[in-house]
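Enquirer: The file below is final_33.txt, compact mmCIF, C-alpha atoms and all ligand atoms:
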# COMPACT_ATOMS: atom_id res chain seq x y z
CA MET A 934 0.00 0.00 0.00
CA ILE A 935 1.28 3.48 -0.92
CA HIS A 936 1.30 6.07 1.85
CA PHE A 937 1.04 9.69 0.75
CA GLN A 938 2.75 12.26 2.91
CA PRO A 939 0.48 15.24 3.49
CA MET A 940 1.94 18.12 1.49
CA LYS A 941 3.17 21.05 3.52
CA ILE A 942 1.78 24.36 2.28
CA ALA A 943 4.72 26.71 2.16
CA ALA A 944 4.28 30.27 3.33
CA SER A 945 4.50 32.56 0.31
CA PRO A 946 7.96 34.06 -0.10
CA ALA A 947 8.49 37.63 0.99
CA LEU A 948 8.04 40.50 -1.45
CA SER A 949 10.93 42.92 -1.78
CA SER A 950 11.42 45.23 1.16
CA LEU A 951 11.16 48.23 -1.16
CA VAL A 952 7.76 47.13 -2.43
CA ARG A 953 6.58 46.32 1.08
CA GLU A 954 7.62 49.75 2.24
CA GLN A 955 5.93 51.49 -0.70
CA ILE A 956 2.72 49.44 -0.39
CA SER A 957 2.44 50.62 3.19
CA ARG A 958 2.64 54.22 1.96
CA PRO A 959 0.01 54.42 -0.78
CA SER A 960 -0.56 57.70 -2.54
CA PRO A 961 -3.40 59.59 -0.80
CA ILE A 962 -4.74 60.49 -4.23
CA ARG A 963 -5.10 56.83 -5.22
CA GLN A 964 -6.80 56.19 -1.88
CA ILE A 965 -9.38 58.87 -2.56
CA MET A 966 -9.94 57.66 -6.14
CA LYS A 967 -10.51 54.16 -4.72
CA MET A 968 -13.02 55.59 -2.29
CA ALA A 969 -14.93 56.93 -5.27
CA GLU A 970 -15.23 53.51 -6.93
CA ARG A 971 -18.78 52.40 -7.65
CA GLN A 972 -19.14 49.84 -4.86
CA ASN A 973 -17.89 52.32 -2.26
CA ILE A 974 -20.22 55.03 -3.54
CA LEU A 975 -23.12 52.58 -3.26
CA ALA A 976 -21.96 51.57 0.23
CA MET A 977 -22.15 55.24 1.22
CA GLY A 978 -25.79 55.25 0.17
CA LEU A 979 -25.06 57.54 -2.80
CA ASP A 980 -26.35 57.20 -6.34
CA PRO A 981 -23.26 56.81 -8.58
CA SER A 982 -25.00 58.69 -11.40
CA GLU A 983 -25.34 61.73 -9.11
CA VAL A 984 -21.66 61.84 -8.15
CA ILE A 985 -19.66 64.69 -9.68
CA SER A 986 -15.94 64.05 -9.69
CA PHE A 987 -13.28 66.74 -9.86
CA GLY A 988 -10.75 64.06 -9.00
CA GLY A 989 -9.42 62.75 -12.29
CA GLY A 990 -6.19 64.10 -13.75
CA TRP A 991 -7.31 63.42 -17.28
CA VAL A 992 -8.56 65.26 -20.34
CA ASN A 993 -11.88 64.73 -22.06
CA HIS A 994 -11.72 66.63 -25.36
CA GLU A 995 -11.62 64.62 -28.57
CA ALA A 996 -8.41 63.46 -30.20
CA PRO A 997 -7.83 64.98 -33.68
CA ASP A 998 -10.02 63.14 -36.13
CA GLU A 999 -7.07 63.01 -38.53
CA PHE A 1000 -5.16 61.14 -35.80
CA ARG A 1001 -7.98 58.57 -35.60
CA GLN A 1002 -7.97 58.30 -39.40
CA ALA A 1003 -4.22 57.71 -39.37
CA TYR A 1004 -4.77 54.74 -37.03
CA GLU A 1005 -7.54 53.51 -39.32
CA SER A 1006 -5.38 53.73 -42.43
CA ILE A 1007 -2.69 51.60 -40.77
CA VAL A 1008 -5.01 49.04 -39.20
CA SER A 1009 -7.03 48.59 -42.40
CA ASP A 1010 -3.94 47.94 -44.54
CA ALA A 1011 -2.76 44.32 -44.11
CA ASP A 1012 0.91 45.13 -44.80
CA LEU A 1013 1.02 48.16 -42.53
CA PHE A 1014 -0.82 46.29 -39.78
CA HIS A 1015 1.74 43.50 -40.07
CA LYS A 1016 4.51 46.11 -39.80
CA SER A 1017 2.86 47.58 -36.67
CA GLY A 1018 3.31 44.21 -35.00
CA ALA A 1019 7.10 44.39 -35.31
CA TYR A 1020 9.57 45.80 -32.79
CA THR A 1021 11.03 49.21 -33.51
CA ALA A 1022 14.43 50.41 -32.30
CA THR A 1023 14.61 50.71 -28.50
CA LEU A 1024 14.60 54.54 -28.67
CA GLY A 1025 11.76 54.53 -31.17
CA ASP A 1026 11.38 54.56 -34.91
CA ALA A 1027 13.63 57.13 -36.65
CA GLU A 1028 10.75 58.72 -38.58
CA CYS A 1029 8.63 59.11 -35.43
CA ARG A 1030 11.56 60.72 -33.57
CA GLU A 1031 12.13 63.09 -36.48
CA GLN A 1032 8.45 64.09 -36.64
CA ILE A 1033 8.36 64.70 -32.87
CA ALA A 1034 11.29 67.11 -33.33
CA ARG A 1035 9.33 68.90 -36.10
CA PHE A 1036 6.24 69.03 -33.84
CA GLU A 1037 8.23 70.83 -31.14
CA GLU A 1038 9.76 73.21 -33.66
CA HIS A 1039 6.39 73.95 -35.28
CA LEU A 1040 4.37 74.53 -32.09
CA PHE A 1041 6.98 76.02 -29.75
CA GLY A 1042 9.90 77.09 -31.94
CA VAL A 1043 12.38 74.66 -30.33
CA PRO A 1044 15.50 75.15 -32.52
CA ARG A 1045 18.13 72.69 -33.76
CA LEU A 1046 16.19 69.66 -32.54
CA GLY A 1047 16.74 66.36 -34.35
CA ALA A 1048 15.90 62.68 -33.91
CA GLU A 1049 19.15 62.27 -31.95
CA HIS A 1050 17.63 64.38 -29.13
CA ILE A 1051 14.46 62.26 -28.80
CA ALA A 1052 13.88 59.04 -26.86
CA VAL A 1053 10.36 57.66 -27.38
CA GLY A 1054 8.75 55.60 -24.63
CA LEU A 1055 5.44 54.25 -23.31
CA GLY A 1056 4.20 57.53 -21.84
CA SER A 1057 5.97 59.94 -19.56
CA THR A 1058 5.45 57.85 -16.41
CA GLN A 1059 7.70 55.07 -17.70
CA LEU A 1060 10.15 57.60 -19.14
CA THR A 1061 10.36 59.56 -15.88
CA HIS A 1062 11.16 56.39 -13.96
CA ASP A 1063 13.79 55.38 -16.52
CA LEU A 1064 15.18 58.91 -16.59
CA PHE A 1065 15.66 58.83 -12.82
CA ARG A 1066 17.58 55.57 -13.27
CA THR A 1067 19.63 57.23 -16.00
CA LEU A 1068 20.56 60.44 -14.17
CA LEU A 1069 20.77 59.57 -10.46
CA ASP A 1070 22.68 57.41 -7.99
CA PRO A 1071 21.49 56.12 -4.61
CA GLY A 1072 21.94 58.80 -1.97
CA ASP A 1073 21.68 61.71 -4.45
CA THR A 1074 19.45 64.66 -3.67
CA VAL A 1075 16.61 65.84 -5.91
CA MET A 1076 14.89 69.20 -5.65
CA LEU A 1077 11.12 69.26 -6.24
CA LEU A 1078 8.62 72.05 -5.80
CA ASP A 1079 6.13 72.11 -2.93
CA PRO A 1080 3.48 71.46 -4.12
CA THR A 1081 4.12 69.36 -7.20
CA TYR A 1082 3.03 66.14 -8.95
CA ALA A 1083 2.44 63.48 -6.31
CA ASN A 1084 3.87 60.58 -8.31
CA TYR A 1085 7.50 61.82 -8.31
CA GLU A 1086 8.25 60.66 -4.77
CA GLY A 1087 7.21 57.05 -5.45
CA GLN A 1088 8.90 57.05 -8.85
CA LEU A 1089 12.12 58.25 -7.22
CA ALA A 1090 11.87 55.66 -4.45
CA PHE A 1091 11.49 52.82 -6.96
CA ALA A 1092 14.07 54.05 -9.43
CA VAL A 1093 16.81 55.19 -7.06
CA PRO A 1094 16.60 53.77 -3.52
CA GLY A 1095 17.89 56.12 -0.85
CA VAL A 1096 17.37 59.27 -2.85
CA LYS A 1097 16.83 62.41 -0.76
CA ILE A 1098 14.21 64.98 -1.66
CA VAL A 1099 14.33 68.69 -0.84
CA ARG A 1100 11.37 70.90 -1.55
CA LEU A 1101 11.32 74.47 -2.80
CA ARG A 1102 8.12 75.96 -1.41
CA VAL A 1103 6.33 77.87 -4.16
CA LEU A 1104 2.91 78.21 -2.52
CA ASP A 1105 2.43 80.30 0.60
CA PRO A 1106 -0.40 78.58 2.52
CA GLN A 1107 -0.99 81.69 4.65
CA THR A 1108 -1.69 84.05 1.75
CA TRP A 1109 -2.50 81.35 -0.86
CA SER A 1110 -0.16 83.11 -3.27
CA TYR A 1111 2.15 81.33 -5.69
CA LEU A 1112 5.65 82.83 -5.81
CA PRO A 1113 4.47 85.88 -3.83
CA GLU A 1114 4.45 88.89 -6.13
CA SER A 1115 5.49 91.25 -3.34
CA ASP A 1116 9.01 89.79 -3.51
CA PRO A 1117 9.67 88.36 -7.00
CA GLY A 1118 13.37 87.81 -6.26
CA GLY A 1119 12.63 86.03 -2.97
CA ILE A 1120 11.96 82.63 -4.49
CA ALA A 1121 15.14 82.80 -6.61
CA ARG A 1122 17.13 83.58 -3.45
CA GLU A 1123 15.44 80.68 -1.64
CA PHE A 1124 16.20 78.38 -4.59
CA THR A 1125 19.86 79.42 -4.49
CA ARG A 1126 20.06 78.96 -0.72
CA LEU A 1127 18.49 75.48 -0.89
CA TYR A 1128 20.64 74.55 -3.87
CA ASP A 1129 23.87 75.63 -2.16
CA THR A 1130 22.91 73.81 1.04
CA HIS A 1131 21.82 70.49 -0.51
CA ARG A 1132 23.64 70.37 -3.88
CA PRO A 1133 20.88 68.42 -5.69
CA ARG A 1134 21.93 66.31 -8.66
CA LEU A 1135 18.56 67.02 -10.30
CA VAL A 1136 16.05 69.88 -10.13
CA LEU A 1137 12.61 68.95 -11.51
CA PHE A 1138 9.52 71.07 -12.07
CA GLY A 1139 6.36 70.84 -14.17
CA ALA A 1140 5.23 73.47 -16.69
CA PRO A 1141 2.39 73.94 -16.07
CA ASP A 1142 2.56 72.00 -12.84
CA ASN A 1143 0.11 69.51 -11.39
CA PRO A 1144 -1.78 70.36 -9.09
CA THR A 1145 -1.42 74.15 -9.28
CA SER A 1146 -1.54 74.72 -13.07
CA GLN A 1147 1.05 77.46 -12.53
CA VAL A 1148 3.95 78.10 -14.89
CA LEU A 1149 7.26 79.14 -13.33
CA PRO A 1150 8.37 82.52 -14.70
CA GLN A 1151 11.28 82.78 -17.11
CA ALA A 1152 13.42 84.68 -14.57
CA LEU A 1153 13.29 81.78 -12.07
CA ALA A 1154 13.94 79.18 -14.79
CA ASP A 1155 16.96 81.26 -15.87
CA VAL A 1156 18.34 81.19 -12.32
CA MET A 1157 17.77 77.41 -12.19
CA LEU A 1158 19.51 76.95 -15.53
CA ALA A 1159 22.49 79.11 -14.57
CA LYS A 1160 22.93 77.35 -11.24
CA THR A 1161 22.50 73.77 -12.49
CA SER A 1162 24.65 74.16 -15.59
CA GLU A 1163 27.43 75.88 -13.63
CA ALA A 1164 27.38 73.22 -10.89
CA GLY A 1165 27.02 70.29 -13.31
CA SER A 1166 23.59 69.04 -12.30
CA TRP A 1167 20.46 68.24 -14.27
CA LEU A 1168 17.42 70.44 -14.80
CA ALA A 1169 14.33 68.50 -15.90
CA ILE A 1170 11.01 70.02 -16.95
CA ASP A 1171 7.87 67.89 -17.01
CA PHE A 1172 5.89 69.14 -20.01
CA ALA A 1173 2.91 66.74 -19.66
CA TYR A 1174 0.55 69.73 -20.09
CA LYS A 1175 2.75 71.82 -22.41
CA CYS A 1176 0.07 72.25 -25.10
CA GLN A 1177 -2.53 73.44 -22.57
CA PHE A 1178 -1.53 77.10 -22.12
CA PHE A 1179 -3.86 80.05 -21.52
CA GLN A 1180 -1.27 82.80 -21.98
CA THR A 1181 1.93 83.19 -24.00
CA PRO A 1182 4.34 80.54 -22.71
CA PRO A 1183 7.72 81.65 -21.32
CA SER A 1184 10.74 81.26 -23.57
CA TYR A 1185 12.03 78.13 -21.79
CA TYR A 1186 9.24 76.28 -23.65
CA ALA A 1187 11.64 76.65 -26.62
CA TRP A 1188 14.85 75.62 -24.84
CA SER A 1189 16.70 73.07 -26.92
CA PRO A 1190 19.00 70.32 -25.65
CA ALA A 1191 21.24 71.35 -28.57
CA ASP A 1192 21.94 74.55 -26.61
CA HIS A 1193 21.49 73.33 -23.02
CA PRO A 1194 23.05 69.88 -22.53
CA ASN A 1195 21.98 69.64 -18.87
CA VAL A 1196 18.28 70.35 -19.60
CA VAL A 1197 15.88 67.43 -20.10
CA GLY A 1198 12.25 67.78 -21.22
CA ILE A 1199 9.69 65.07 -20.42
CA HIS A 1200 6.75 64.97 -22.85
CA SER A 1201 3.54 63.05 -23.36
CA ASN A 1202 0.76 62.50 -25.89
CA SER A 1203 -1.66 61.78 -23.04
CA LYS A 1204 -3.03 65.26 -22.53
CA TRP A 1205 -2.73 67.29 -25.72
CA ALA A 1206 -4.13 64.64 -28.07
CA ARG A 1207 -6.30 62.77 -25.54
CA GLY A 1208 -4.06 59.76 -25.93
CA LEU A 1209 -3.95 58.79 -22.25
CA GLY A 1210 -4.41 55.10 -22.91
CA ARG A 1211 -2.47 55.01 -26.20
CA ARG A 1212 0.78 55.16 -24.28
CA LEU A 1213 3.29 57.39 -26.03
CA GLY A 1214 5.69 59.93 -24.59
CA TRP A 1215 9.19 61.15 -25.24
CA VAL A 1216 12.21 62.69 -23.59
CA GLU A 1217 14.13 65.54 -25.19
CA ALA A 1218 17.75 65.60 -24.13
CA HIS A 1219 21.37 65.79 -25.19
CA PRO A 1220 22.30 62.77 -27.39
CA SER A 1221 24.49 61.34 -24.60
CA VAL A 1222 21.44 61.18 -22.29
CA VAL A 1223 19.29 59.73 -25.07
CA ASP A 1224 21.90 57.01 -25.68
CA ALA A 1225 21.95 56.23 -21.96
CA ILE A 1226 18.15 55.95 -21.87
CA GLU A 1227 18.44 53.41 -24.68
CA ARG A 1228 20.44 51.15 -22.36
CA VAL A 1229 17.79 51.48 -19.62
CA GLN A 1230 14.87 50.94 -22.00
CA GLN A 1231 16.52 47.78 -23.34
CA CYS A 1232 15.74 46.37 -19.91
CA SER A 1233 12.42 48.09 -19.18
CA ILE A 1234 10.32 48.15 -22.38
CA LEU A 1235 12.52 46.87 -25.22
CA CYS A 1236 10.72 49.26 -27.55
CA PRO A 1237 7.79 51.69 -27.52
CA ASP A 1238 4.45 50.77 -29.09
CA THR A 1239 4.95 50.49 -32.85
CA LEU A 1240 1.37 51.23 -33.93
CA SER A 1241 1.30 54.46 -31.90
CA GLN A 1242 4.65 55.53 -33.32
CA MET A 1243 3.65 54.87 -36.93
CA THR A 1244 0.44 56.81 -36.39
CA MET A 1245 2.13 59.72 -34.62
CA ALA A 1246 4.67 60.10 -37.45
CA LYS A 1247 1.98 59.93 -40.14
CA TYR A 1248 -0.40 62.32 -38.37
CA VAL A 1249 2.18 64.93 -37.35
CA LYS A 1250 3.76 65.14 -40.80
CA THR A 1251 0.41 65.84 -42.49
CA ALA A 1252 -1.01 68.03 -39.73
CA ILE A 1253 2.02 70.34 -39.77
CA ALA A 1254 1.91 70.59 -43.56
CA ASP A 1255 -1.81 71.44 -43.76
CA GLY A 1256 -1.90 73.67 -40.67
CA SER A 1257 -4.41 71.48 -38.80
CA LEU A 1258 -2.08 70.75 -35.86
CA LYS A 1259 -1.92 74.37 -34.72
CA LYS A 1260 -5.66 74.79 -35.21
CA TYR A 1261 -6.37 71.68 -33.15
CA VAL A 1262 -4.14 72.82 -30.28
CA GLU A 1263 -5.75 76.30 -30.33
CA CYS A 1264 -9.28 74.85 -30.22
CA ALA A 1265 -8.42 72.48 -27.35
CA ASN A 1266 -6.81 75.38 -25.48
CA ALA A 1267 -9.94 77.48 -25.89
CA LEU A 1268 -12.04 74.64 -24.40
CA TYR A 1269 -9.80 74.29 -21.32
CA LYS A 1270 -9.48 78.05 -20.87
CA ASN A 1271 -13.27 78.26 -20.82
CA ALA A 1272 -13.57 75.34 -18.36
CA ALA A 1273 -10.95 77.02 -16.15
CA GLN A 1274 -12.98 80.25 -16.13
CA VAL A 1275 -16.23 78.41 -15.32
CA THR A 1276 -14.40 76.68 -12.44
CA LEU A 1277 -13.00 79.94 -11.05
CA ASN A 1278 -16.37 81.68 -11.30
CA ALA A 1279 -18.04 78.79 -9.48
CA VAL A 1280 -15.33 78.68 -6.78
CA ASP A 1281 -15.74 82.42 -6.23
CA THR A 1282 -19.53 82.26 -6.20
CA TYR A 1283 -20.11 79.11 -4.13
CA LEU A 1284 -16.97 78.33 -2.12
CA GLN A 1285 -15.71 81.86 -1.62
CA ARG A 1286 -12.28 80.57 -0.67
CA PRO A 1287 -8.78 81.53 -1.89
CA ARG A 1288 -7.75 79.76 -5.12
CA LEU A 1289 -5.10 79.99 -7.84
CA VAL A 1290 -5.77 81.15 -11.41
CA PRO A 1291 -4.58 78.41 -13.83
CA ALA A 1292 -2.05 79.51 -16.45
CA GLY A 1293 -2.72 76.26 -18.35
CA GLY A 1294 -3.36 72.60 -17.61
CA LEU A 1295 -6.45 71.12 -15.97
CA TYR A 1296 -6.50 72.21 -12.35
CA THR A 1297 -6.86 74.79 -9.67
CA VAL A 1298 -6.15 74.46 -5.96
CA VAL A 1299 -8.47 75.91 -3.33
CA ASP A 1300 -7.72 76.72 0.30
CA ILE A 1301 -10.50 75.08 2.32
CA GLY A 1302 -9.05 76.28 5.62
CA THR A 1303 -9.10 72.87 7.30
CA ASN A 1304 -7.31 69.53 6.99
CA ALA A 1305 -8.29 68.32 3.52
CA GLU A 1306 -7.77 64.61 4.16
CA GLU A 1307 -10.58 64.75 6.72
CA PHE A 1308 -12.66 67.18 4.68
CA VAL A 1309 -12.70 65.24 1.38
CA PRO A 1310 -14.41 61.98 2.55
CA ARG A 1311 -16.94 63.99 4.58
CA ALA A 1312 -17.68 66.20 1.57
CA LEU A 1313 -18.11 63.16 -0.69
CA ARG A 1314 -20.55 61.49 1.72
CA ALA A 1315 -22.56 64.66 2.25
CA THR A 1316 -22.66 66.03 -1.30
CA GLY A 1317 -21.60 63.32 -3.75
CA VAL A 1318 -18.82 65.66 -4.93
CA LEU A 1319 -15.24 64.44 -5.11
CA VAL A 1320 -12.16 66.65 -4.91
CA VAL A 1321 -8.58 65.59 -4.16
CA PRO A 1322 -6.88 66.42 -0.85
CA GLY A 1323 -3.68 68.39 -1.33
CA ALA A 1324 -1.20 66.90 1.15
CA GLY A 1325 0.02 64.25 -1.32
CA PHE A 1326 1.36 67.07 -3.48
CA GLY A 1327 3.28 68.69 -0.65
CA ALA A 1328 2.86 70.00 2.89
CA SER A 1329 1.89 73.48 1.66
CA LEU A 1330 -1.42 71.98 0.44
CA THR A 1331 -2.43 70.28 3.71
CA ASN A 1332 -5.45 72.57 3.91
CA GLY A 1333 -6.04 72.63 0.18
CA VAL A 1334 -7.84 70.59 -2.43
CA ARG A 1335 -7.15 70.05 -6.12
CA ILE A 1336 -10.11 70.62 -8.41
CA SER A 1337 -9.72 69.13 -11.88
CA PHE A 1338 -11.88 70.55 -14.65
CA GLY A 1339 -10.26 68.24 -17.25
CA PRO A 1340 -12.87 65.43 -17.19
CA LEU A 1341 -15.74 67.96 -17.31
CA VAL A 1342 -14.37 70.11 -20.13
CA ARG A 1343 -17.31 69.27 -22.40
CA ASP A 1344 -19.89 69.41 -19.61
CA THR A 1345 -19.18 72.68 -17.83
CA ALA A 1346 -22.72 72.83 -16.35
CA LYS A 1347 -21.59 69.94 -14.10
CA ILE A 1348 -18.67 72.05 -12.87
CA ASP A 1349 -21.11 74.69 -11.75
CA GLU A 1350 -23.51 72.16 -10.22
CA GLY A 1351 -20.77 70.27 -8.36
CA LEU A 1352 -19.24 73.38 -6.84
CA ALA A 1353 -22.70 74.76 -5.96
CA ARG A 1354 -23.43 71.55 -4.00
CA LEU A 1355 -20.05 71.66 -2.27
CA GLY A 1356 -20.38 75.35 -1.40
CA ALA A 1357 -23.89 74.95 0.03
CA TRP A 1358 -22.65 72.14 2.30
CA MET A 1359 -19.52 74.07 3.36
CA ARG A 1360 -21.60 77.04 4.42
CA SER A 1361 -24.31 74.97 6.14
C1 LIG A 1401 2.80 66.26 -14.16
C2 LIG A 1401 2.48 64.93 -14.78
N1 LIG A 1401 3.46 64.23 -15.36
C3 LIG A 1401 3.22 63.04 -15.91
C4 LIG A 1401 1.95 62.49 -15.93
C5 LIG A 1401 1.75 61.13 -16.54
O1 LIG A 1401 1.62 61.22 -17.92
P1 LIG A 1401 1.66 59.95 -18.90
O2 LIG A 1401 0.26 59.60 -19.22
O3 LIG A 1401 2.43 60.45 -20.10
O4 LIG A 1401 2.38 58.84 -18.22
C6 LIG A 1401 0.90 63.16 -15.34
C7 LIG A 1401 -0.44 62.57 -15.31
O5 LIG A 1401 -1.37 63.04 -14.73
C8 LIG A 1401 1.18 64.43 -14.75
O6 LIG A 1401 0.21 65.12 -14.15
Now, as a test, write the supplied structure out as structure tokens.

Expert:
Amino acid sequence: MIHFQPMKIAASPALSSLVREQISRPSPIRQIMKMAERQNILAMGLDPSEVISFGGGWVNHEAPDEFRQAYESIVSDADLFHKSGAYTATLGDAECREQIARFEEHLFGVPRLGAEHIAVGLGSTQLTHDLFRTLLDPGDTVMLLDPTYANYEGQLAFAVPGVKIVRLRVLDPQTWSYLPESDPGGIAREFTRLYDTHRPRLVLFGAPDNPTSQVLPQALADVMLAKTSEAGSWLAIDFAYKCQFFQTPPSYYAWSPADHPNVVGIHSNSKWARGLGRRLGWVEAHPSVVDAIERVQQCSILCPDTLSQMTMAKYVKTAIADGSLKKYVECANALYKNAAQVTLNAVDTYLQRPRLVPAGGLYTVVDIGTNAEEFVPRALRATGVLVVPGAGFGASLTNGVRISFGPLVRDTAKIDEGLARLGAWMRS
């Protein structure tokens, strides 16, 4: 007779300590977005169809129809579709890189930009992570704004363990002013003081930034450029919202890596062309940085998405030639500028709290005068309106919330209705 030994169930092996540490520190923004998931909304006794969300950091205008047609022309052609199933070079297809350089020259006047300055990737999130790996060593210091995009801290932690972060405070929570106008040189002095004290290897800011939708002035960017290039450190600008501008952009929008070898631009198709899920982004940098990213991407993605690259190259080439690219960007800008104005009017009418005027992008931040992480779930339960608490973006926004008008850009009546509900509850 055969005797079977009962099998011992092994305990599952441990996850990496880095992942365990990061899982225990989830982004507060993700937590709030989870709270707004359908089953949680129902559990709160709310009707999901009545919920108005200002939470999402995404755009809702339509992609250029010519862009859609370019996809169609590739997918409907058997040979081209076959080609779109092949790998491209790790840094992207040469024609796509060239057309991205022409796009930047055409829209923003970036000079002397060629395919050798462009690394294409699967959206700017992947590229930012790989860029951190490319530029930084463990123990280096990085300077970020306070407030700024909440994902950078986690991306830094995963890409470069042991990295230190110093924050340049650009929002005064007492006066709710961004780079206080009373002392325009003050922030440049503070930048220089922090820089000299901490010697960061990388300074990173967004233009316009998330969550404030503010654009750093040229004078401050000039000080950052002078300091970083003289000291031999990197200056990176996150241009995820570059095409969403409501006033003439500063001249650093046209800085070229051909002239500034320590400057790196991070770019994305997510926002300007409503291509959030069609993952395509690129980095603009000196060819030596681009070559280094190639080595990193060989291990992270092997190559960017071929179909999206073929389509981007085809669309951009035609849309520059027939003038439709500029027209499209202008029309999208007009939509977001209008949504921004509706949002500000509604904040002023119903919330009557300090806020920032967006210079571009999708957001404003409002001072609610109390801890926002407690306020936001209470507000959602009471009104069915979701906003994002500010602390995840930096300590200066502890009493602030981010309001995104991006998802409601084509339904501005909802912006008004949502803020009216929130305001009535806040004053009750
Ligand atoms: C400042 C900033 N950078 C990068 C991203 C991510 O963009 P992508 O879709 O290209 O990964 C976002 C998304 O919200 C963002 O706000």

Enquirer: By how many Å are atom CA of A:Gly1325 and atom CA of A:Ser960 apart?

Expert: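 Calculated distance between atom CA of A:Gly1325 and atom CA of A:Ser960 is 6.7 Å.
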
Enquirer: Could you tell me, counting all atoms listed in the file, which protein and nucleic acid residues lie no more than 7 Å from ligand LIG 1401 (chain A), written as a list of chain:residue names?

Expert: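 Every residue with an atom at most 7 Å from ligand LIG 1401 (chain A) is listed here: A:Gly990, A:Trp991, A:Gly1056, A:Ser1057, A:Thr1058, A:Gln1059, A:Tyr1082, A:Gly1139, A:Asp1142, A:Asn1143, A:Asp1171, A:Ala1173, A:His1200, A:Ser1201, A:Asn1202, A:Ser1203, A:Leu1209, A:Arg1212, A:Leu1213, A:Gly1214.
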
Enquirer: Can you tell me which residues surround A:Ser1017 at a distance of at most 12 Å, considering all atoms listed in the file, apart from same-chain residues fewer than 5 positions away, and format the answer as an mmCIF file with C-alpha atoms, keeping the file's coordinate frame?

Expert:
data_model
loop_
_atom_site.group_PDB
_atom_site.id
_atom_site.type_symbol
_atom_site.label_atom_id
_atom_site.label_comp_id
_atom_site.auth_asym_id
_atom_site.auth_seq_id
_atom_site.Cartn_x
_atom_site.Cartn_y
_atom_site.Cartn_z
ATOM 1 C CA TYR A 1004 -4.770 54.740 -37.030
ATOM 2 C CA SER A 1006 -5.380 53.730 -42.430
ATOM 3 C CA ILE A 1007 -2.690 51.600 -40.770
ATOM 4 C CA VAL A 1008 -5.010 49.040 -39.200
ATOM 5 C CA SER A 1009 -7.030 48.590 -42.400
ATOM 6 C CA ASP A 1010 -3.940 47.940 -44.540
ATOM 7 C CA ALA A 1011 -2.760 44.320 -44.110
ATOM 8 C CA ASP A 1012 0.910 45.130 -44.800
ATOM 9 C CA ASP A 1026 11.380 54.560 -34.910
ATOM 10 C CA PRO A 1237 7.790 51.690 -27.520
ATOM 11 C CA ASP A 1238 4.450 50.770 -29.090
ATOM 12 C CA THR A 1239 4.950 50.490 -32.850
ATOM 13 C CA LEU A 1240 1.370 51.230 -33.930
ATOM 14 C CA SER A 1241 1.300 54.460 -31.900
ATOM 15 C CA GLN A 1242 4.650 55.530 -33.320
ATOM 16 C CA MET A 1243 3.650 54.870 -36.930
ATOM 17 C CA THR A 1244 0.440 56.810 -36.390
#

Enquirer: In Å, how far is it from atom CA of A:Arg1045 to atom CA of A:Gln1230?

Expert: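 The value is 24.9 Å.
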
Enquirer: Using only C-alpha atoms, which of A:Ala1292, A:Ala1022, A:Ala1052, A:Leu1137 sits nearest A:Thr1074?

Expert: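 Looking only at the distances to A:Thr1074, the closest residue turns out to be A:Leu1137.
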
Enquirer: Report, in Å to a single decimal, how far apart atom CA of A:Arg1102 and atom CA of A:Gly1302 are.

Expert: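 Computed distance, atom CA of A:Gly1302 to atom CA of A:Arg1102, equals 18.6 Å.
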
Enquirer: Would you mind telling me which residue in A:Phe1000, A:Tyr1020, A:Phe1326, A:Trp1215 lies nearest to A:Leu1064 when using all atoms listed in the file?

Expert: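 Ranking A:Phe1000, A:Tyr1020, A:Phe1326, A:Trp1215 by distance to A:Leu1064, first place goes to A:Trp1215.
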
Enquirer: For A:Ser1221, which of A:Ile1253, A:Ala1315, A:Ile1199, A:Ile1051 is the closest residue, counting only C-alpha atoms?

Expert: A:Ile1051

Enquirer: Looking at A:Pro1094, A:Pro1144, A:Pro946, A:Pro1220, which one is nearest to A:Ser1189, with distances taken over all atoms listed in the file?

Expert: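 Looking at the shortest contact to A:Ser1189, the residue is A:Pro1220.
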
Enquirer: Pick out the closest residue to A:Pro1113 from this set: A:Ala1218, A:Gly1198, A:Ile1348, A:Leu1289. Count all atoms listed in the file.

Expert: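 Of all the options, A:Leu1289 lies closest to A:Pro1113.
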
Enquirer: Draw an axis-aligned box tight on the listed atoms of stretch 1144-1155 of chain A, then pad every side by 8 Å and write out centre and edge lengths in Å to one decimal as lines of an AutoDock Vina configuration file.

Expert:
center_x = 7.6
center_y = 77.5
center_z = -13.1
size_x = 34.7
size_y = 30.3
size_z = 24.0
